[in-house]
>>> print(open('final.cif').read())   # mmCIF, C-alpha atoms
data_final
loop_
_atom_site.label_atom_id
_atom_site.label_comp_id
_atom_site.auth_asym_id
_atom_site.auth_seq_id
_atom_site.Cartn_x
_atom_site.Cartn_y
_atom_site.Cartn_z
CA MET A 1133 171.58 -101.06 -18.62
CA PHE A 1134 168.67 -98.64 -18.49
CA ASP A 1135 169.25 -97.21 -21.98
CA PRO A 1136 167.41 -98.97 -24.89
CA ARG A 1137 170.25 -97.97 -27.30
CA ILE A 1138 168.13 -97.29 -30.34
CA ASP A 1139 171.11 -96.79 -32.65
CA LYS A 1140 172.10 -100.45 -32.59
CA HIS A 1141 168.70 -101.45 -34.00
CA LEU A 1142 169.01 -99.29 -37.12
CA ILE A 1143 169.88 -100.73 -40.52
CA SER A 1144 172.75 -98.34 -41.09
CA ASP A 1145 174.11 -100.00 -44.22
CA GLN A 1146 170.76 -99.38 -45.95
CA GLY A 1147 170.65 -95.70 -45.03
CA GLU A 1148 168.10 -95.93 -42.23
CA TYR A 1149 168.00 -93.00 -39.84
CA VAL A 1150 165.78 -91.88 -36.96
CA VAL A 1151 163.09 -89.35 -37.83
CA ASP A 1152 161.57 -89.19 -34.35
CA GLU A 1153 162.11 -91.04 -31.08
CA VAL A 1154 159.01 -90.97 -28.91
CA ARG A 1155 159.42 -91.23 -25.16
CA LYS A 1156 156.53 -91.78 -22.80
CA HIS A 1157 154.79 -88.69 -21.56
CA TRP A 1158 155.33 -87.93 -17.89
CA ALA A 1159 151.65 -88.77 -17.28
CA ALA A 1160 152.54 -92.44 -17.81
CA THR A 1161 154.57 -92.45 -14.57
CA VAL A 1162 152.06 -90.63 -12.37
CA SER A 1163 150.50 -93.80 -11.00
CA ALA A 1164 153.94 -95.29 -10.34
CA VAL A 1165 155.04 -92.16 -8.46
CA LEU A 1166 151.87 -92.26 -6.35
CA GLU A 1167 152.59 -95.91 -5.61
CA LEU A 1168 156.11 -94.99 -4.54
CA VAL A 1169 154.74 -92.33 -2.19
CA GLY A 1170 152.29 -94.86 -0.76
CA GLY A 1171 155.11 -97.32 -0.13
CA PHE A 1172 157.08 -94.64 1.67
CA VAL A 1173 154.08 -93.92 3.92
CA VAL A 1174 153.75 -97.61 4.76
CA PHE A 1175 157.46 -97.73 5.52
CA LEU A 1176 157.01 -94.89 8.07
CA LEU A 1177 154.53 -97.02 10.00
CA ALA A 1178 157.49 -99.03 11.28
CA PHE A 1179 158.24 -96.16 13.66
CA VAL A 1180 154.65 -96.16 14.94
CA MET A 1181 154.54 -99.92 15.66
CA PRO A 1182 157.86 -100.82 17.29
CA GLN A 1183 156.70 -104.37 18.12
CA LEU A 1184 155.84 -105.17 14.45
CA TRP A 1185 158.33 -102.88 12.79
CA TRP A 1186 159.40 -105.58 10.32
CA LEU A 1187 155.94 -105.89 8.78
CA PRO A 1188 155.50 -102.28 7.50
CA THR A 1189 159.18 -102.25 6.56
CA LEU A 1190 158.82 -105.27 4.25
CA VAL A 1191 155.51 -104.11 2.80
CA GLY A 1192 156.74 -100.56 2.23
CA ALA A 1193 159.98 -101.80 0.64
CA GLY A 1194 158.07 -104.15 -1.66
CA ILE A 1195 155.72 -101.39 -2.78
CA GLY A 1196 158.66 -99.05 -3.34
CA VAL A 1197 160.59 -101.61 -5.43
CA HIS A 1198 157.53 -102.31 -7.57
CA ALA A 1199 156.95 -98.58 -8.13
CA VAL A 1200 160.57 -98.00 -9.15
CA TRP A 1201 160.34 -100.95 -11.54
CA ARG A 1202 157.29 -99.42 -13.18
CA ILE A 1203 159.04 -96.07 -13.56
CA PHE A 1204 162.04 -97.64 -15.27
CA GLU A 1205 159.73 -99.76 -17.43
CA GLN A 1206 158.05 -96.64 -18.77
CA ARG A 1207 161.43 -94.99 -19.28
CA MET A 1208 162.74 -97.94 -21.31
CA ASP A 1209 159.67 -98.01 -23.56
CA ARG A 1210 160.56 -96.18 -26.81
CA PHE A 1211 158.62 -95.80 -30.01
CA VAL A 1212 160.88 -94.96 -32.97
CA ILE A 1213 159.95 -93.57 -36.40
CA THR A 1214 162.55 -94.01 -39.14
CA ASN A 1215 162.53 -93.37 -42.87
CA MET A 1216 161.86 -97.08 -43.50
CA ARG A 1217 159.72 -98.41 -40.64
CA VAL A 1218 158.34 -97.90 -37.15
CA PHE A 1219 159.43 -100.05 -34.24
CA ARG A 1220 159.01 -100.25 -30.50
CA VAL A 1221 161.66 -101.27 -27.97
CA HIS A 1222 160.56 -102.06 -24.42
CA GLY A 1223 161.63 -104.17 -21.49
CA ILE A 1224 164.25 -103.80 -18.73
CA LEU A 1225 166.06 -107.09 -18.22
CA SER A 1226 164.57 -108.93 -21.19
CA GLN A 1227 164.10 -106.66 -24.17
CA ARG A 1228 161.35 -106.99 -26.77
CA ILE A 1229 161.29 -105.37 -30.20
CA ALA A 1230 158.24 -105.03 -32.46
CA THR A 1231 158.71 -103.59 -35.95
CA MET A 1232 156.49 -102.80 -38.91
CA PRO A 1233 157.40 -101.43 -42.38
CA LEU A 1234 155.77 -98.17 -43.41
CA ALA A 1235 154.11 -99.83 -46.39
CA ARG A 1236 152.06 -102.07 -44.10
CA ILE A 1237 150.49 -99.24 -42.10
CA LEU A 1238 146.90 -98.96 -43.27
CA ASP A 1239 145.52 -96.39 -40.85
CA ILE A 1240 146.53 -94.42 -37.74
CA SER A 1241 143.98 -93.37 -35.15
CA VAL A 1242 144.81 -90.78 -32.46
CA TYR A 1243 142.78 -90.88 -29.26
CA LYS A 1244 143.08 -87.95 -26.87
CA PRO A 1245 141.09 -88.20 -23.64
CA LEU A 1246 139.97 -85.07 -21.85
CA ILE A 1247 142.86 -85.13 -19.38
CA GLY A 1248 145.21 -85.90 -22.28
CA ARG A 1249 144.05 -82.78 -24.11
CA VAL A 1250 144.75 -80.76 -20.97
CA PHE A 1251 148.26 -82.12 -20.42
CA GLY A 1252 149.18 -82.68 -24.08
CA TYR A 1253 149.30 -86.43 -24.65
CA GLY A 1254 147.34 -89.05 -26.55
CA HIS A 1255 147.32 -92.65 -27.70
CA PHE A 1256 148.14 -94.06 -31.15
CA VAL A 1257 146.20 -97.01 -32.56
CA PHE A 1258 147.72 -98.60 -35.67
CA GLU A 1259 145.74 -100.58 -38.21
CA SER A 1260 148.08 -102.79 -40.24
CA ALA A 1261 147.91 -105.79 -42.54
CA ALA A 1262 149.33 -108.20 -39.95
CA GLN A 1263 147.97 -106.62 -36.74
CA GLU A 1264 151.23 -106.86 -34.79
CA GLN A 1265 150.32 -106.93 -31.12
CA GLY A 1266 153.46 -105.05 -30.06
CA LEU A 1267 152.54 -102.09 -32.25
CA ARG A 1268 148.77 -102.22 -32.01
CA GLU A 1269 148.55 -99.41 -29.45
CA ILE A 1270 151.17 -96.86 -28.34
CA ARG A 1271 150.04 -95.10 -25.18
CA TYR A 1272 151.02 -91.77 -23.63
CA VAL A 1273 152.50 -90.13 -26.71
CA GLY A 1274 153.43 -86.51 -26.14
CA ASP A 1275 152.25 -83.97 -28.74
CA PRO A 1276 150.24 -86.61 -30.67
CA ASP A 1277 149.06 -84.27 -33.43
CA SER A 1278 152.55 -83.26 -34.49
CA ARG A 1279 153.89 -86.80 -34.30
CA GLY A 1280 150.91 -88.15 -36.24
CA LEU A 1281 151.68 -85.69 -39.04
CA THR A 1282 155.32 -86.77 -38.93
CA ILE A 1283 154.33 -90.40 -39.51
CA GLN A 1284 152.05 -89.39 -42.38
CA ARG A 1285 154.85 -87.39 -44.02
CA VAL A 1286 157.29 -90.28 -43.72
CA ILE A 1287 154.73 -92.71 -45.20
CA ALA A 1288 154.08 -90.32 -48.10
CA GLN A 1289 157.81 -89.87 -48.78
CA ALA A 1290 158.37 -93.62 -48.67
CA GLY A 1291 155.56 -94.08 -51.19
CA LEU A 1292 157.05 -91.49 -53.52
CA ARG A 1293 160.45 -93.16 -53.36
CA GLY A 1294 158.87 -96.51 -54.13
CA ALA A 1295 157.01 -95.08 -57.13
CA ALA A 1296 160.23 -93.47 -58.40
CA GLY A 1297 162.01 -96.81 -58.14
CA ARG A 1298 159.31 -98.46 -60.22
CA GLY A 1299 159.39 -95.75 -62.90
CA ASP A 1300 157.39 -92.64 -63.77
CA PRO A 1301 153.74 -93.37 -62.89
CA THR A 1302 152.54 -90.72 -65.36
CA MET A 1303 153.93 -92.58 -68.35
CA VAL A 1304 151.34 -94.87 -69.91
CA PRO A 1305 152.75 -97.71 -72.02
CA SER A 1306 151.69 -97.69 -75.65
CA PRO A 1307 149.06 -100.30 -76.43
CA VAL A 1308 150.13 -103.35 -78.33
CA GLN A 1309 148.94 -103.17 -81.93
CA PRO A 1310 147.03 -106.32 -82.94
CA PRO A 1311 148.27 -108.15 -86.04
CA PRO A 1312 146.37 -107.41 -89.27
CA PRO A 1313 143.58 -109.89 -90.02
CA PRO A 1314 144.73 -112.52 -92.51
CA ALA A 1315 141.88 -111.76 -94.95
CA ALA A 1316 143.73 -112.74 -98.12
CA THR A 1317 145.14 -115.89 -96.60
CA ALA A 1318 141.76 -116.91 -95.21
CA SER A 1319 140.02 -116.37 -98.57
CA VAL A 1320 142.64 -118.41 -100.42
CA ALA A 1321 142.44 -121.18 -97.86
CA ALA A 1322 138.64 -121.19 -98.03
CA THR A 1323 138.53 -121.42 -101.84
CA ALA A 1324 141.36 -123.92 -102.23
CA TYR A 1325 140.14 -127.34 -103.32
CA ASP A 1326 141.11 -130.18 -101.00
CA GLU A 1327 140.89 -133.45 -102.93
CA ALA A 1328 141.44 -135.52 -99.79
CA ARG A 1329 138.28 -134.13 -98.09
CA ALA A 1330 136.08 -133.52 -101.16
CA THR A 1331 132.72 -135.29 -100.87
CA ALA A 1332 130.66 -133.55 -103.56
CA PRO A 1333 130.17 -135.33 -106.93
CA VAL A 1334 132.71 -134.63 -109.60
CA PRO A 1335 131.35 -131.81 -111.82
CA GLY A 1336 130.38 -132.58 -115.38
CA MET A 1337 133.26 -132.40 -117.86
CA GLU A 1338 133.01 -131.98 -121.60
CA ARG A 1339 135.11 -134.06 -123.89
CA GLY A 1340 138.04 -132.23 -125.27
CA SER A 1341 138.18 -129.80 -122.39
CA ALA A 1342 141.34 -129.05 -120.52
CA SER A 1343 142.76 -131.98 -118.66
CA THR A 1344 141.65 -132.03 -115.05
CA GLY A 1345 142.81 -135.52 -114.04
CA TRP A 1346 139.37 -137.11 -114.49
CA ASP A 1347 139.52 -137.56 -118.32
CA TRP A 1348 140.40 -141.25 -118.10
CA LEU A 1349 137.29 -141.88 -115.98
CA ALA A 1350 135.10 -140.03 -118.50
CA ASP A 1351 136.56 -142.12 -121.34
CA ALA A 1352 135.88 -145.35 -119.47
CA GLN A 1353 132.27 -144.27 -118.89
CA ARG A 1354 131.82 -143.41 -122.59
CA ARG A 1355 133.22 -146.79 -123.73
CA GLU A 1356 130.93 -148.60 -121.30
CA ASP A 1357 127.90 -146.74 -122.62
CA GLU A 1358 128.85 -147.56 -126.23
CA ARG A 1359 129.28 -151.25 -125.35
CA LEU A 1360 125.86 -151.40 -123.67
CA ALA A 1361 124.28 -149.70 -126.70
CA GLN A 1362 125.80 -152.30 -129.04
CA LEU A 1363 124.47 -155.15 -126.87
CA ARG A 1364 120.98 -153.63 -126.90
CA GLY A 1365 121.13 -153.05 -130.66
CA GLU A 1366 120.80 -149.34 -130.25
CA SER A 1367 122.50 -146.82 -132.42
CA ALA A 1368 125.48 -145.10 -130.89
CA ALA A 1369 124.53 -141.68 -129.68
CA GLY A 1370 126.70 -138.70 -129.04
CA PRO A 1371 128.87 -138.65 -125.99
CA ALA A 1372 126.79 -138.14 -122.91
CA PRO A 1373 128.01 -135.81 -120.21
CA PHE A 1374 129.94 -137.50 -117.48
CA ASP A 1375 127.86 -138.37 -114.43
CA PRO A 1376 129.89 -139.95 -111.63
CA ASP A 1377 126.71 -141.13 -109.88
CA ARG A 1378 126.03 -143.54 -112.78
CA THR A 1379 129.36 -145.27 -112.80
CA ASN A 1380 129.78 -148.63 -111.16
CA THR A 1381 133.54 -148.60 -111.36
CA ALA A 1382 135.20 -149.83 -108.20
CA PRO A 1383 137.03 -147.22 -106.12
CA ILE A 1384 140.62 -146.74 -107.23
CA ASP A 1385 143.43 -144.80 -105.53
CA LEU A 1386 143.54 -141.64 -107.60
CA PRO A 1387 146.91 -140.13 -108.48
CA ARG A 1388 147.69 -136.93 -106.65
#
>>> encode(input="final.cif", output="C-alpha coordinates")
Amino acid sequence: MFDPRIDKHLISDQGEYVVDEVRKHWAATVSAVLELVGGFVVFLLAFVMPQLWWLPTLVGAGIGVHAVWRIFEQRMDRFVITNMRVFRVHGILSQRIATMPLARILDISVYKPLIGRVFGYGHFVFESAAQEQGLREIRYVGDPDSRGLTIQRVIAQAGLRGAAGRGDPTMVPSPVQPPPPPAATASVAATAYDEARATAPVPGMERGSASTGWDWLADAQRREDERLAQLRGESAAGPAPFDPDRTNTAPIDLPR
(Lines of atoms letter the chains of each structure in order from A and count residues from 1; the text may use other names and numbers.)
(Lines give C-alpha, C1' and ligand atoms only; values in the text may rest on other atoms or scores of the structure.)
Protein backbone atom coordinates (compact mmCIF):
# COMPACT_ATOMS: atom_id res chain seq x y z
CA MET A 1 0.00 0.00 0.00
CA PHE A 2 2.86 2.37 0.76
CA ASP A 3 4.92 1.42 -2.31
CA PRO A 4 4.30 3.51 -5.50
CA ARG A 5 5.24 0.46 -7.68
CA ILE A 6 7.03 2.33 -10.43
CA ASP A 7 7.44 -0.76 -12.62
CA LYS A 8 3.75 -0.99 -13.45
CA HIS A 9 3.81 2.51 -14.97
CA LEU A 10 6.54 1.69 -17.50
CA ILE A 11 5.79 1.04 -21.17
CA SER A 12 7.62 -2.26 -21.23
CA ASP A 13 6.50 -3.34 -24.69
CA GLN A 14 8.17 -0.23 -26.15
CA GLY A 15 11.48 -0.84 -24.39
CA GLU A 16 11.11 1.78 -21.66
CA TYR A 17 13.37 1.35 -18.65
CA VAL A 18 14.20 3.37 -15.54
CA VAL A 19 17.35 5.47 -15.73
CA ASP A 20 16.99 7.02 -12.28
CA GLU A 21 14.36 6.94 -9.54
CA VAL A 22 14.55 10.02 -7.34
CA ARG A 23 13.33 9.77 -3.77
CA LYS A 24 12.84 12.77 -1.55
CA HIS A 25 15.84 13.89 0.43
CA TRP A 26 15.59 13.29 4.15
CA ALA A 27 15.39 17.08 4.63
CA ALA A 28 11.85 16.94 3.25
CA THR A 29 10.67 15.04 6.34
CA VAL A 30 12.39 17.18 8.96
CA SER A 31 9.37 19.38 9.58
CA ALA A 32 7.10 16.33 9.80
CA VAL A 33 9.43 14.67 12.33
CA LEU A 34 9.47 17.85 14.43
CA GLU A 35 5.68 17.90 14.28
CA LEU A 36 5.60 14.29 15.46
CA VAL A 37 7.86 15.16 18.40
CA GLY A 38 5.60 18.10 19.25
CA GLY A 39 2.55 15.85 19.22
CA PHE A 40 4.28 13.44 21.55
CA VAL A 41 5.04 16.28 23.98
CA VAL A 42 1.40 17.37 23.93
CA PHE A 43 0.36 13.78 24.57
CA LEU A 44 2.56 13.72 27.72
CA LEU A 45 0.58 16.62 29.15
CA ALA A 46 -2.23 14.16 29.86
CA PHE A 47 -0.21 12.91 32.83
CA VAL A 48 0.22 16.45 34.15
CA MET A 49 -3.51 17.34 33.97
CA PRO A 50 -5.41 14.31 35.27
CA GLN A 51 -8.75 16.17 35.27
CA LEU A 52 -8.48 17.08 31.53
CA TRP A 53 -6.42 14.15 30.40
CA TRP A 54 -8.62 13.57 27.35
CA LEU A 55 -7.85 16.99 25.86
CA PRO A 56 -4.03 16.66 25.47
CA THR A 57 -4.52 13.03 24.48
CA LEU A 58 -6.78 13.93 21.53
CA VAL A 59 -4.67 16.90 20.47
CA GLY A 60 -1.42 14.97 20.72
CA ALA A 61 -2.88 12.00 18.81
CA GLY A 62 -4.18 14.29 16.07
CA ILE A 63 -0.83 16.00 15.68
CA GLY A 64 0.94 12.65 15.61
CA VAL A 65 -1.39 11.21 12.94
CA HIS A 66 -0.94 14.30 10.76
CA ALA A 67 2.86 14.10 11.11
CA VAL A 68 2.91 10.41 10.17
CA TRP A 69 0.71 11.17 7.16
CA ARG A 70 3.17 13.81 6.00
CA ILE A 71 6.09 11.41 6.38
CA PHE A 72 4.40 8.75 4.28
CA GLU A 73 3.35 11.38 1.74
CA GLN A 74 6.97 12.36 1.20
CA ARG A 75 7.98 8.71 1.01
CA MET A 76 5.38 7.97 -1.68
CA ASP A 77 6.46 10.93 -3.81
CA ARG A 78 8.78 9.61 -6.56
CA PHE A 79 10.29 11.35 -9.54
CA VAL A 80 11.33 8.89 -12.27
CA ILE A 81 13.63 9.44 -15.26
CA THR A 82 13.34 6.91 -18.08
CA ASN A 83 14.82 6.70 -21.56
CA MET A 84 11.57 8.09 -23.02
CA ARG A 85 10.07 10.52 -20.51
CA VAL A 86 10.02 11.86 -16.96
CA PHE A 87 7.07 11.30 -14.67
CA ARG A 88 6.09 11.84 -11.07
CA VAL A 89 3.99 9.52 -8.91
CA HIS A 90 2.63 10.85 -5.62
CA GLY A 91 -0.28 10.30 -3.29
CA ILE A 92 -1.10 7.73 -0.58
CA LEU A 93 -4.71 6.63 -0.90
CA SER A 94 -5.47 8.38 -4.18
CA GLN A 95 -2.51 8.32 -6.53
CA ARG A 96 -1.67 11.01 -9.08
CA ILE A 97 0.69 10.65 -12.03
CA ALA A 98 2.16 13.51 -14.08
CA THR A 99 4.25 12.67 -17.14
CA MET A 100 6.14 14.61 -19.78
CA PRO A 101 8.08 13.35 -22.85
CA LEU A 102 11.74 14.27 -23.05
CA ALA A 103 11.19 16.15 -26.31
CA ARG A 104 8.94 18.67 -24.56
CA ILE A 105 11.48 19.69 -21.91
CA LEU A 106 12.75 23.12 -22.90
CA ASP A 107 14.90 24.01 -19.92
CA ILE A 108 15.84 22.72 -16.46
CA SER A 109 16.75 25.07 -13.63
CA VAL A 110 18.41 23.80 -10.43
CA TYR A 111 17.98 25.89 -7.30
CA LYS A 112 20.15 25.07 -4.30
CA PRO A 113 19.56 27.15 -1.17
CA LEU A 114 22.33 27.66 1.33
CA ILE A 115 21.12 24.91 3.65
CA GLY A 116 20.59 22.68 0.60
CA ARG A 117 24.23 23.15 -0.42
CA VAL A 118 25.27 22.14 3.08
CA PHE A 119 23.13 18.99 3.22
CA GLY A 120 23.28 18.11 -0.49
CA TYR A 121 19.82 18.73 -1.92
CA GLY A 122 18.17 21.13 -4.34
CA HIS A 123 15.01 21.84 -6.30
CA PHE A 124 14.32 21.23 -10.00
CA VAL A 125 12.23 23.69 -12.02
CA PHE A 126 11.14 22.44 -15.45
CA GLU A 127 10.25 24.71 -18.34
CA SER A 128 8.16 22.81 -20.88
CA ALA A 129 5.87 23.52 -23.82
CA ALA A 130 2.69 22.68 -21.90
CA GLN A 131 3.71 23.78 -18.37
CA GLU A 132 2.38 20.68 -16.61
CA GLN A 133 1.63 21.68 -13.04
CA GLY A 134 2.53 18.26 -11.64
CA LEU A 135 6.05 18.51 -13.05
CA ARG A 136 6.63 22.23 -12.76
CA GLU A 137 8.74 21.94 -9.61
CA ILE A 138 10.38 18.90 -8.00
CA ARG A 139 11.55 19.73 -4.48
CA TYR A 140 14.16 18.14 -2.22
CA VAL A 141 16.14 16.28 -4.87
CA GLY A 142 19.26 14.66 -3.48
CA ASP A 143 22.52 15.24 -5.39
CA PRO A 144 20.87 17.69 -7.83
CA ASP A 145 23.98 18.30 -9.95
CA SER A 146 24.49 14.65 -10.81
CA ARG A 147 20.80 14.06 -11.49
CA GLY A 148 20.58 17.20 -13.63
CA LEU A 149 23.41 15.88 -15.79
CA THR A 150 21.62 12.54 -16.02
CA ILE A 151 18.52 14.22 -17.41
CA GLN A 152 20.60 16.18 -19.91
CA ARG A 153 22.32 12.99 -21.10
CA VAL A 154 19.01 11.19 -21.54
CA ILE A 155 17.57 14.14 -23.49
CA ALA A 156 20.65 14.22 -25.73
CA GLN A 157 20.49 10.47 -26.37
CA ALA A 158 16.78 10.68 -27.16
CA GLY A 159 17.50 13.46 -29.65
CA LEU A 160 20.21 11.41 -31.34
CA ARG A 161 17.90 8.42 -31.65
CA GLY A 162 15.21 10.63 -33.15
CA ALA A 163 17.65 12.08 -35.69
CA ALA A 164 18.82 8.57 -36.62
CA GLY A 165 15.23 7.51 -37.20
CA ARG A 166 14.70 10.43 -39.54
CA GLY A 167 17.88 9.74 -41.51
CA ASP A 168 21.44 11.06 -41.58
CA PRO A 169 21.28 14.80 -40.82
CA THR A 170 24.62 15.37 -42.56
CA MET A 171 23.27 14.31 -45.94
CA VAL A 172 21.98 17.27 -47.94
CA PRO A 173 19.49 16.40 -50.68
CA SER A 174 20.57 17.34 -54.18
CA PRO A 175 18.80 20.43 -55.49
CA VAL A 176 16.13 19.94 -58.08
CA GLN A 177 17.38 20.98 -61.51
CA PRO A 178 15.01 23.45 -63.19
CA PRO A 179 13.74 22.53 -66.65
CA PRO A 180 15.59 24.16 -69.58
CA PRO A 181 13.97 27.37 -70.82
CA PRO A 182 11.82 26.71 -73.89
CA ALA A 183 13.69 29.29 -76.02
CA ALA A 184 13.13 27.59 -79.37
CA THR A 185 9.48 26.88 -78.66
CA ALA A 186 8.87 30.43 -77.47
CA SER A 187 10.52 31.94 -80.57
CA VAL A 188 8.48 29.74 -82.91
CA ALA A 189 5.29 30.55 -81.06
CA ALA A 190 6.09 34.28 -81.15
CA THR A 191 6.78 34.33 -84.90
CA ALA A 192 3.92 32.05 -85.93
CA TYR A 193 1.18 33.90 -87.76
CA ASP A 194 -2.27 33.59 -86.20
CA GLU A 195 -4.88 34.41 -88.83
CA ALA A 196 -7.69 34.37 -86.28
CA ARG A 197 -6.14 37.23 -84.23
CA ALA A 198 -4.39 39.18 -87.02
CA THR A 199 -5.47 42.84 -87.08
CA ALA A 200 -2.76 44.44 -89.24
CA PRO A 201 -3.57 45.18 -92.92
CA VAL A 202 -2.79 42.48 -95.41
CA PRO A 203 0.69 43.20 -96.87
CA GLY A 204 0.99 44.21 -100.49
CA MET A 205 1.15 41.29 -102.92
CA GLU A 206 2.48 41.35 -106.45
CA ARG A 207 0.61 39.66 -109.21
CA GLY A 208 2.09 36.39 -110.20
CA SER A 209 3.70 35.84 -106.83
CA ALA A 210 3.33 32.63 -104.91
CA SER A 211 -0.18 31.88 -103.82
CA THR A 212 -0.84 33.07 -100.30
CA GLY A 213 -4.63 32.67 -100.15
CA TRP A 214 -5.35 36.34 -100.90
CA ASP A 215 -4.91 36.19 -104.72
CA TRP A 216 -8.64 36.07 -105.39
CA LEU A 217 -9.12 39.29 -103.42
CA ALA A 218 -6.33 41.00 -105.38
CA ASP A 219 -7.94 39.93 -108.66
CA ALA A 220 -11.31 41.29 -107.58
CA GLN A 221 -9.70 44.62 -106.69
CA ARG A 222 -7.92 44.79 -110.07
CA ARG A 223 -11.15 44.07 -112.00
CA GLU A 224 -12.98 46.74 -110.01
CA ASP A 225 -10.29 49.30 -110.79
CA GLU A 226 -10.41 48.44 -114.52
CA ARG A 227 -14.22 48.78 -114.53
CA LEU A 228 -14.06 52.21 -112.85
CA ALA A 229 -11.42 53.34 -115.37
CA GLN A 230 -13.65 52.31 -118.29
CA LEU A 231 -16.60 54.24 -116.82
CA ARG A 232 -14.45 57.35 -116.41
CA GLY A 233 -13.04 56.99 -119.93
CA GLU A 234 -9.55 56.58 -118.66
CA SER A 235 -6.98 54.35 -120.21
CA ALA A 236 -6.31 51.13 -118.39
CA ALA A 237 -3.14 51.40 -116.39
CA GLY A 238 -0.90 48.69 -115.11
CA PRO A 239 -2.00 46.64 -112.19
CA ALA A 240 -1.82 48.65 -109.03
CA PRO A 241 -0.49 47.06 -105.89
CA PHE A 242 -3.12 45.57 -103.67
CA ASP A 243 -4.24 47.87 -100.87
CA PRO A 244 -6.81 46.27 -98.57
CA ASP A 245 -7.70 49.67 -97.06
CA ARG A 246 -9.17 50.74 -100.43
CA THR A 247 -11.48 47.82 -100.93
CA ASN A 248 -15.15 48.13 -100.13
CA THR A 249 -15.83 44.44 -100.41
CA ALA A 250 -18.08 43.14 -97.67
CA PRO A 251 -16.45 40.87 -95.07
CA ILE A 252 -16.45 37.24 -96.12
CA ASP A 253 -15.57 34.14 -94.08
CA LEU A 254 -12.11 33.34 -95.35
CA PRO A 255 -11.14 29.72 -95.93
CA ARG A 256 -8.69 28.36 -93.42
>>> resolve_selection(input="final.cif", expression="the PyMOL selection byres ((chain A and resi 1227) around 12)", output="PyMOL selection string")
chain A and resi 1133-1138+1205+1208-1210+1220-1226+1228-1230
>>> resolve_selection(input="final.cif", expression="the PyMOL selection byres ((chain A and resi 1192) around 12)", output="ChimeraX atom specification")
/A:1167-1178,1185-1191,1193-1199
>>> residues_around(input="final.cif", residues="Thr1282 in chain A", least_positions_apart="4", cutoff="12 Å", atoms="all atoms listed in the file", output="ChimeraX atom specification")
/A:1150-1154,1212-1215,1218,1240,1275-1278,1286-1289
>>> atom_distance(input="final.cif", atom1="CA of Ile1143 in chain A", atom2="CA of Arg1217 in chain A")
10.4 Å
>>> closest_residue(input="final.cif", among="A:Ala1290, A:Leu1184, A:Ala1164, A:Val1250", to="Leu1234 in chain A", atoms="only C-alpha atoms")
A:Ala1290
>>> closest_residue(input="final.cif", among="A:Ile1270, A:Met1216, A:Val1242, A:Leu1360", to="Leu1142 in chain A", atoms="all atoms listed in the file")
A:Met1216
>>> residues_around(input="final.cif", residues="Trp1158 in chain A", least_positions_apart="6", cutoff="10 Å", atoms="only C-alpha atoms", output="PyMOL selection string")
chain A and resi 1203+1206-1207+1251+1253+1272-1274
>>> resolve_selection(input="final.cif", expression="the PyMOL selection byres ((chain A and resi 1259) around 8)", output="mmCIF file with C-alpha atoms, in the frame of the given file")
data_model
loop_
_atom_site.group_PDB
_atom_site.id
_atom_site.type_symbol
_atom_site.label_atom_id
_atom_site.label_comp_id
_atom_site.auth_asym_id
_atom_site.auth_seq_id
_atom_site.Cartn_x
_atom_site.Cartn_y
_atom_site.Cartn_z
ATOM 1 C CA ILE A 1237 150.490 -99.240 -42.100
ATOM 2 C CA LEU A 1238 146.900 -98.960 -43.270
ATOM 3 C CA ASP A 1239 145.520 -96.390 -40.850
ATOM 4 C CA ILE A 1240 146.530 -94.420 -37.740
ATOM 5 C CA VAL A 1257 146.200 -97.010 -32.560
ATOM 6 C CA PHE A 1258 147.720 -98.600 -35.670
ATOM 7 C CA SER A 1260 148.080 -102.790 -40.240
ATOM 8 C CA ALA A 1261 147.910 -105.790 -42.540
ATOM 9 C CA GLN A 1263 147.970 -106.620 -36.740
ATOM 10 C CA ARG A 1268 148.770 -102.220 -32.010
#
